[in-house]
Amino acid sequence: MTARSHFLEGAFAPVAEEITAFDLPVTGRVPAELSGRYLRNGPNPLGLDDPDYHWFIGPGMVHGVRLRDGRAEWYRNRWVRSRLLAESMGETWPAGPIHEGMDFAANTHIIRHAGRTLATVESGPLPYELSGELETLGPCDFDGTLPGGFAAHAKPDHRTGELHAIAYYWAWDHVQHIVIDSTGRVSRTTDIPVADGPMMHDFAITENYVILFDLPVTSIPSTPMTTATGSWWTWSATRGPTTCPSSPGAGR
């Protein structure tokens, strides 16, 4: 008998169904001034039948609680409907643009910008836009202005209303600094040459610069995906110390 992946057990075990619940019980008091939605995203496979499942590659499931007027109005959880996931669930895919054939049920982060709620993921697939009730609206390329892939962890500039992202993709010889304006359209991009295709999971912004973390986790596109890593990534121990190149433009 094949052993089940430990990523399908205990605290990692997937949620098996989508739920909508209203007027949630509250222990203590929800401040009346606290109004909005608390959302989280994470990988959540449809079932338990893949013994080689790795945590990084499960389709995204977004959980949300709506707070208003001192009440917890609702809780709901929804899978992000990529084409494959929608077909697996017997549903019609909402359709939309795809970057380099990579359609993925974004499972890493969730952000809101320019009126859009977006589920995001690593390594280049496009984000998925969700409704206020967490239903999947489809992939988002910011009204056709995004030239390539996107990133998991974008950073807002609250002074300008812009959103900054660093996109990376294993087949590129660069990473791309993307700036999305306050209307939700890409206003500029900068390609930054970088060797070895590093996983640029995060970055930082200052008043005048974007700081990139050039780390030793790098792509190995010629090697098939393995259960040991769940992706085409490896630790390049001989690559040298971390460097922090910068790109001008943040906050401008």
# chains A, B, ... in the order shown; residues from 1 in each chain; ligands from 1
$ select_by_dssp --residues "range 5-154 of chain A" --states "alpha helix (DSSP H)" --output "JSON, numbers by chain"
{"A": [83, 84, 85, 86, 87, 88]}
$ write_last_selection --atoms "N, CA and C atoms" --output "tab-separated table (two decimals), in the first residue's frame"
chain	number	residue	atom	x	y	z
A	83	ARG	N	-8.92	26.36	-15.20
A	83	ARG	CA	-9.62	25.52	-16.18
A	83	ARG	C	-9.69	24.06	-15.70
A	84	LEU	N	-8.52	23.52	-15.26
A	84	LEU	CA	-8.48	22.13	-14.84
A	84	LEU	C	-9.38	21.88	-13.64
A	85	LEU	N	-9.36	22.79	-12.67
A	85	LEU	CA	-10.17	22.58	-11.48
A	85	LEU	C	-11.65	22.68	-11.82
A	86	ALA	N	-12.03	23.65	-12.63
A	86	ALA	CA	-13.44	23.78	-13.02
A	86	ALA	C	-13.93	22.52	-13.72
A	87	GLU	N	-13.10	21.99	-14.64
A	87	GLU	CA	-13.48	20.77	-15.34
A	87	GLU	C	-13.59	19.59	-14.38
A	88	SER	N	-12.68	19.51	-13.41
A	88	SER	CA	-12.71	18.43	-12.42
A	88	SER	C	-13.98	18.49	-11.57
$ residues_around --residues "Tyr38 in chain A" --least-positions-apart "6" --cutoff "10 Å" --atoms "only C-alpha atoms" --output "list in words"
His63, Gly64, Val65, Arg66, Leu67 and Tyr75 of chain A
$ select_by_dssp --residues "range 2-49 of chain A" --states "strand (DSSP E or B)" --output "PyMOL selection string"
chain A and resi 20-24+36-43
$ residues_around --residues "Leu126 in chain A" --least-positions-apart "5" --cutoff "12 Å" --atoms "only C-alpha atoms" --output "PyMOL selection string"
chain A and resi 82+96-107+118-121+138-142+144+146-152+167-169
$ residues_around --residues "Asp173 in chain A" --least-positions-apart "2" --cutoff "8 Å" --atoms "only C-alpha atoms" --output "PyMOL selection string"
chain A and resi 171+175+193-197
$ write_last_selection --atoms "N, CA and C atoms" --output "tab-separated table (two decimals), in the first residue's frame"
chain	number	residue	atom	x	y	z
A	171	ALA	N	11.77	30.39	-17.63
A	171	ALA	CA	12.36	30.50	-18.96
A	171	ALA	C	12.95	31.88	-19.25
A	175	VAL	N	14.17	39.14	-14.30
A	175	VAL	CA	12.91	39.31	-13.58
A	175	VAL	C	12.32	40.63	-14.05
A	193	PRO	N	18.09	42.02	-15.71
A	193	PRO	CA	18.82	40.78	-15.96
A	193	PRO	C	19.27	40.12	-14.66
A	194	VAL	N	19.13	38.80	-14.59
A	194	VAL	CA	19.57	38.06	-13.41
A	194	VAL	C	19.89	36.64	-13.86
A	195	ALA	N	20.97	36.08	-13.32
A	195	ALA	CA	21.43	34.76	-13.74
A	195	ALA	C	20.71	33.65	-12.99
A	196	ASP	N	20.59	32.48	-13.63
A	196	ASP	CA	20.21	31.22	-13.00
A	196	ASP	C	18.73	31.09	-12.65
A	197	GLY	N	17.91	32.06	-12.99
A	197	GLY	CA	16.47	31.94	-12.74
A	197	GLY	C	16.12	31.76	-11.28
$ atom_distance --atom1 "CA of Arg37 in chain A" --atom2 "CA of Thr145 in chain A"
27.8 Å
$ residues_around --residues "Ile19 in chain A" --least-positions-apart "5" --cutoff "9 Å" --atoms "only C-alpha atoms" --output "PyMOL selection string"
chain A and resi 75-78
$ write_last_selection --atoms "C-alpha atoms" --output "mmCIF file, in the first residue's frame"
data_model
loop_
_atom_site.group_PDB
_atom_site.id
_atom_site.type_symbol
_atom_site.label_atom_id
_atom_site.label_comp_id
_atom_site.auth_asym_id
_atom_site.auth_seq_id
_atom_site.Cartn_x
_atom_site.Cartn_y
_atom_site.Cartn_z
ATOM 1 C CA TYR A 75 -17.955 32.954 6.442
ATOM 2 C CA ARG A 76 -17.359 31.253 3.110
ATOM 3 C CA ASN A 77 -14.612 29.275 1.411
ATOM 4 C CA ARG A 78 -14.179 28.770 -2.320
#
$ atom_distance --atom1 "CA of Ile110 in chain A" --atom2 "CA of Gly36 in chain A"
14.4 Å
$ closest_residue --among "A:Arg112, A:Arg29, A:His153, A:Arg81" --to "Asp69 in chain A" --atoms "only C-alpha atoms"
A:Arg29
$ closest_residue --among "A:Pro198, A:Gly124, A:Gly90, A:Pro43" --to "Phe12 in chain A" --atoms "only C-alpha atoms"
A:Pro43
$ closest_residue --among "A:Thr136, A:Ser5, A:Ser131, A:Thr234" --to "Gly60 in chain A" --atoms "only C-alpha atoms"
A:Thr136
$ residues_around --residues "Trp55 in chain A" --least-positions-apart "5" --cutoff "9 Å" --atoms "only C-alpha atoms" --output "list of chain:residue names"
A:Phe7, A:Leu8, A:Phe12, A:Pro43, A:Asn44, A:Pro45, A:Gly230
